[in-house]
Amino acid sequence: MIVLFTDFGLAGPYTGQVTAVLQREAPSVPVVSLFADAPSGMPKPSSYLLAAYAAWFPAGTVLLCVVDPGVGGDRRALIAAAEGRCYVGPDNGLFEIVLRRAAVAQGAAQRAVQGATQCWEITWRPELLSASFHGRDLFAPVAARLARGETPDTMAHSAAPTRFAVWPDDLAEIVYIDHYGNAMTGMRGETVGATASLVCSRPTWGG
Amino acid sequence: MIVLFTDFGLAGPYTGQVTAVLQREAPSVPVVSLFADAPSGMPKPSSYLLAAYAAWFPAGTVLLCVVDPGVGGDRRALIAAAEGRCYVGPDNGLFEIVLRRAAVAQGAAQRAVQGATQCWEITWRPELLSASFHGRDLFAPVAARLARGETPDTMAHSAAPTRFAVWPDDLAEIVYIDHYGNAMTGMRGETVGATASLVCSRPTWGG
Amino acid sequence: MIVLFTDFGLAGPYTGQVTAVLQREAPSVPVVSLFADAPSGMPKPSSYLLAAYAAWFPAGTVLLCVVDPGVGGDRRALIAAAEGRCYVGPDNGLFEIVLRRAAVAQGAAQRAVQGATQCWEITWRPELLSASFHGRDLFAPVAARLARGETPDTMAHSAAPTRFAVWPDDLAEIVYIDHYGNAMTGMRGETVGATASLVCSRPTWGG
């Protein structure tokens with residue numbers, strides 16, 4: 001299964017174009033859109049949201065993750081493997097929390113994330129690579145090939161991801177508000193006492 | 001075919017998570033989202049909307065219906081069969097109008113809904129059942145098993161649904177407004193004279 | 001692959017109903033929604049948007065296109081073939097720009113669109129044809145049959161499309177604004193100089 005986690009928005013052509021690439025390159029693999037409205041252009045809160053939801057999918061799932069404000073710049077393109085799942089997307093911190101929690105889950109020290117997980121820099125490039133839509137042109141074909149069973153080394157080489165060690169293990173911010181009005185934070189439930197009160201204040205950069 | 005009728009909203013992860021369960025449990029069965037924006041938390045108007053749209057699907061369709069404000073409480077979980085279609089969801093009136101109209105269609109008296117249709121209380125429980133998302137944890141696996149051809153008695157026992165006899169056969173309220181601005185009522189077209197005027201007034205509970 | 005290009009809106013039952021017809025009539029063909037929010041009820045800007053995005057899909061794609069303010073009137077129903085892709089929808093200009101650009105691409109004079117492309121008027125009618133939803137009742141079954149490999153002459157006869165020759169080759173209007181705030185015009189990139197400035201002014205019919 002290929003799972004989409006993007007900030008493409010619900011409307012417009014982007015999810016459809018990416019889905020068309022996936023259907024063409026991996027016809028027998030189901031595609032499920034998890035979020036098309038991840039925090040727009042913000043890899044940090046998106047990273048916590050992704051870690052919370054990815055844990056729910058079975059091993060073997062390929063997650064195509066595009067929250068990519070640096071598209072067209074020099075940020076690298078990554079494949080990350082953690083707890084049996086495979087992630088494809090930009091090297092901008094989007095996988096920081098997934099990788100960190102996977103390392104902790106294996107009892108590894110935080111600085112040893114590399115041992116408990118694996119990362120590759122994508123070196124394969126398509127014939128036509130637009131400046132603004134790597135989700136469609138680069139990440140989707142790579143995700144399709146992984147979902148078909150190809151191994152990362154056919155399109156990437158081992159590389160350490162850029163680390164965002166300053167980000168906390170649990171983020172005391174609201175990262176998503178759902179349709180029912182539930183506000184989700186970047187904190188894991190088990191880190192909050194059963195009788196704790198959460199206080200929500202306007203961020204200092206607010207208007 | 002499995003058809004989704006929910007108030008999950010268009011955004012966010014809920015439809016994706018439910019679809020992932022269905023794909024995993026019934027891989028060859030297509031999943032179609034009919035409504036993700038049924039009247040939010042309101043089984044009564046949703047029941048009329050469901051009855052109007054379900055009639056359009058062929059026999060054999062499994063409808064996974066989640067408008068479930070009582071999730072986590074003691075409302076029961078139901079399978080309902082009517083006119084060859086199968087419905088899975090909460091016992092909160094969501095299937096009242098489907099069942100009633102199916103009974104009428106067979107010439108049965110209203111009190112004999114049971115004869116013309118069939119209902120089961122779902123007794124199967126998953127290993128992990130969250131308090132707030134029975135759509136994913138309970139109803140989706142049941143819908144998948146029905147779509148694969150399992151019979152209700154493998155996961156449920158015959159039971160009468162809770163009846164909402166006070167609800168009218170046709171509801172003179174707007175139950176949905178579509179993208180083009182068309183307002184849909186809970187009334188069947190054939191009950192309204194060709195020259196009738198509909199007058200829309202602010203409900204007494206309005207602001 | 002069947003690609004949906006419609007103004008049905010993201011919410012509500014219309015995309016779901018059309019998808020259900022396609023699944024039933026062409027079970028093995030993937031369905032991808034490209035736009036559900038094409039310019040609502042406006043075939044002219046939609047025609048430029050369609051031409052820009054259709055070019056991206058491979059030959060063999062069937063595009064089901066419904067921006068159809070004249071539904072229920074006497075506008076004809078068309079199949080159009082251009083550059084290996086097949087289009088199904090109303091004869092209201094929606095395919096004007098696709099057909100024109102395909103003709104130009106083959107070096108044909110503009111008045112010879114017919115030679116470079118092909119059109120058919122759909123003569124097949126379903127048993128039940130609603131007055132307001134030809135997308136579901138007429139266009140979707142035709143698209144499914146084409147996607148299954150049937151030829152247009154089994155359901156249509158050769159006919160010239162209504163031409164909208166007064167429409168410019170490139171439309172200097174905004175035809176779509178995406179989720180990120182990018183405004184798309186009806187102009188092809190190669191017609192705009194690299195140092196050109198675009199000035200956006202309020203249309204004369206604006207409020």
# chains A, B, ... in the order shown; residues from 1 in each chain; ligands from 1
>>> residues_around(residues="range 76-87 of chain A", least_positions_apart="6", cutoff="10 Å", atoms="only C-alpha atoms", output="ChimeraX atom specification")
/A:2-3,54-55,57-65,70,94-96,98-103,105-106,113,116-124,134,138-139,142-143,146-147,152,155-162
>>> interface_residues(of="chain C", to="chain A", cutoff="10 Å", atoms="only C-alpha atoms", output="list of chain:residue names")
C:Met1, C:Ile2, C:Val3, C:Leu4, C:Phe5, C:Gly9, C:Leu10, C:Val29, C:Pro30, C:Val31, C:Val32, C:Ser33, C:Leu34, C:Phe35, C:Ala36, C:Asp37, C:Ala38, C:Tyr53, C:Trp56, C:Phe57, C:Pro58, C:Tyr176, C:Ile177, C:Asp178, C:His179, C:Tyr180
>>> write_last_selection(atoms="N, CA and C atoms", output="compact mmCIF listing (two decimals), in the first residue's frame")
# COMPACT_ATOMS: atom_id res chain seq x y z
N MET C 1 -6.72 4.23 -18.06
CA MET C 1 -7.04 5.10 -16.93
C MET C 1 -8.16 6.08 -17.30
N ILE C 2 -9.11 6.27 -16.40
CA ILE C 2 -10.16 7.27 -16.59
C ILE C 2 -9.87 8.44 -15.64
N VAL C 3 -9.81 9.64 -16.21
CA VAL C 3 -9.49 10.83 -15.43
C VAL C 3 -10.73 11.72 -15.35
N LEU C 4 -11.06 12.16 -14.14
CA LEU C 4 -12.23 13.02 -13.95
C LEU C 4 -11.83 14.49 -13.95
N PHE C 5 -12.51 15.27 -14.75
CA PHE C 5 -12.31 16.72 -14.79
C PHE C 5 -13.71 17.32 -14.70
N GLY C 9 -17.53 19.86 -7.39
CA GLY C 9 -17.19 20.25 -6.03
C GLY C 9 -16.57 19.07 -5.29
N LEU C 10 -15.84 19.40 -4.23
CA LEU C 10 -15.15 18.36 -3.47
C LEU C 10 -16.13 17.59 -2.60
N VAL C 29 -10.42 -0.74 -14.56
CA VAL C 29 -9.79 0.50 -15.01
C VAL C 29 -9.67 1.48 -13.83
N PRO C 30 -8.44 1.94 -13.51
CA PRO C 30 -8.31 2.90 -12.41
C PRO C 30 -8.96 4.23 -12.75
N VAL C 31 -9.55 4.85 -11.73
CA VAL C 31 -10.21 6.15 -11.86
C VAL C 31 -9.44 7.16 -11.02
N VAL C 32 -9.04 8.27 -11.63
CA VAL C 32 -8.28 9.30 -10.92
C VAL C 32 -9.02 10.62 -11.05
N SER C 33 -9.27 11.27 -9.93
CA SER C 33 -9.91 12.59 -9.97
C SER C 33 -8.83 13.66 -10.12
N LEU C 34 -8.85 14.38 -11.24
CA LEU C 34 -7.85 15.42 -11.48
C LEU C 34 -8.37 16.75 -10.92
N PHE C 35 -9.50 17.20 -11.39
CA PHE C 35 -10.17 18.38 -10.83
C PHE C 35 -11.63 18.03 -10.51
N ALA C 36 -12.06 18.32 -9.30
CA ALA C 36 -13.49 18.32 -8.99
C ALA C 36 -13.95 19.77 -8.84
N ASP C 37 -13.02 20.69 -9.02
CA ASP C 37 -13.33 22.11 -8.81
C ASP C 37 -12.86 22.95 -10.00
N ALA C 38 -13.10 22.43 -11.20
CA ALA C 38 -12.91 23.25 -12.40
C ALA C 38 -13.85 24.45 -12.31
N TYR C 53 -3.73 20.64 -18.56
CA TYR C 53 -3.48 19.46 -17.74
C TYR C 53 -3.60 18.15 -18.50
N TRP C 56 -0.58 16.27 -20.08
CA TRP C 56 0.35 15.58 -19.21
C TRP C 56 0.06 14.06 -19.14
N PHE C 57 -1.15 13.66 -19.52
CA PHE C 57 -1.54 12.25 -19.40
C PHE C 57 -1.14 11.46 -20.65
N PRO C 58 -0.83 10.17 -20.48
CA PRO C 58 -0.37 9.38 -21.62
C PRO C 58 -1.49 9.07 -22.61
N TYR C 176 -7.65 29.50 -12.65
CA TYR C 176 -7.64 28.66 -11.44
C TYR C 176 -6.66 29.23 -10.44
N ILE C 177 -7.00 29.21 -9.17
CA ILE C 177 -6.07 29.58 -8.11
C ILE C 177 -5.92 28.37 -7.21
N ASP C 178 -4.69 27.90 -7.04
CA ASP C 178 -4.52 26.66 -6.28
C ASP C 178 -4.37 26.94 -4.79
N HIS C 179 -4.27 25.86 -4.05
CA HIS C 179 -4.17 25.85 -2.59
C HIS C 179 -3.00 26.67 -2.05
N TYR C 180 -1.91 26.74 -2.82
CA TYR C 180 -0.74 27.50 -2.37
C TYR C 180 -0.87 28.98 -2.71
>>> select_by_dssp(residues="range 3-117 of chain B", states="strand (DSSP E)", output="list in words")
Val3, Leu4, Phe5, Thr6, Val31, Val32, Ser33, Leu34, Phe35, Val62, Leu63, Leu64, Cys65, Val66, Ala77, Leu78, Ile79, Ala80, Ala81, Ala82, Arg85, Cys86, Tyr87, Val88, Gly89 and Pro90 of chain B
>>> atom_distance(atom1="CA of Asp68 in chain A", atom2="CA of Pro39 in chain A")
10.7 Å
>>> atom_distance(atom1="CA of Glu190 in chain C", atom2="CA of Glu173 in chain C")
16.0 Å
>>> select_by_dssp(residues="range 64-196 of chain C", states="helix (DSSP H, G or I)", output="PyMOL selection string")
chain C and resi 96-105+110-116+134-147+152-154+189-191
>>> atom_distance(atom1="CA of Pro90 in chain C", atom2="CA of Leu22 in chain C")
17.9 Å
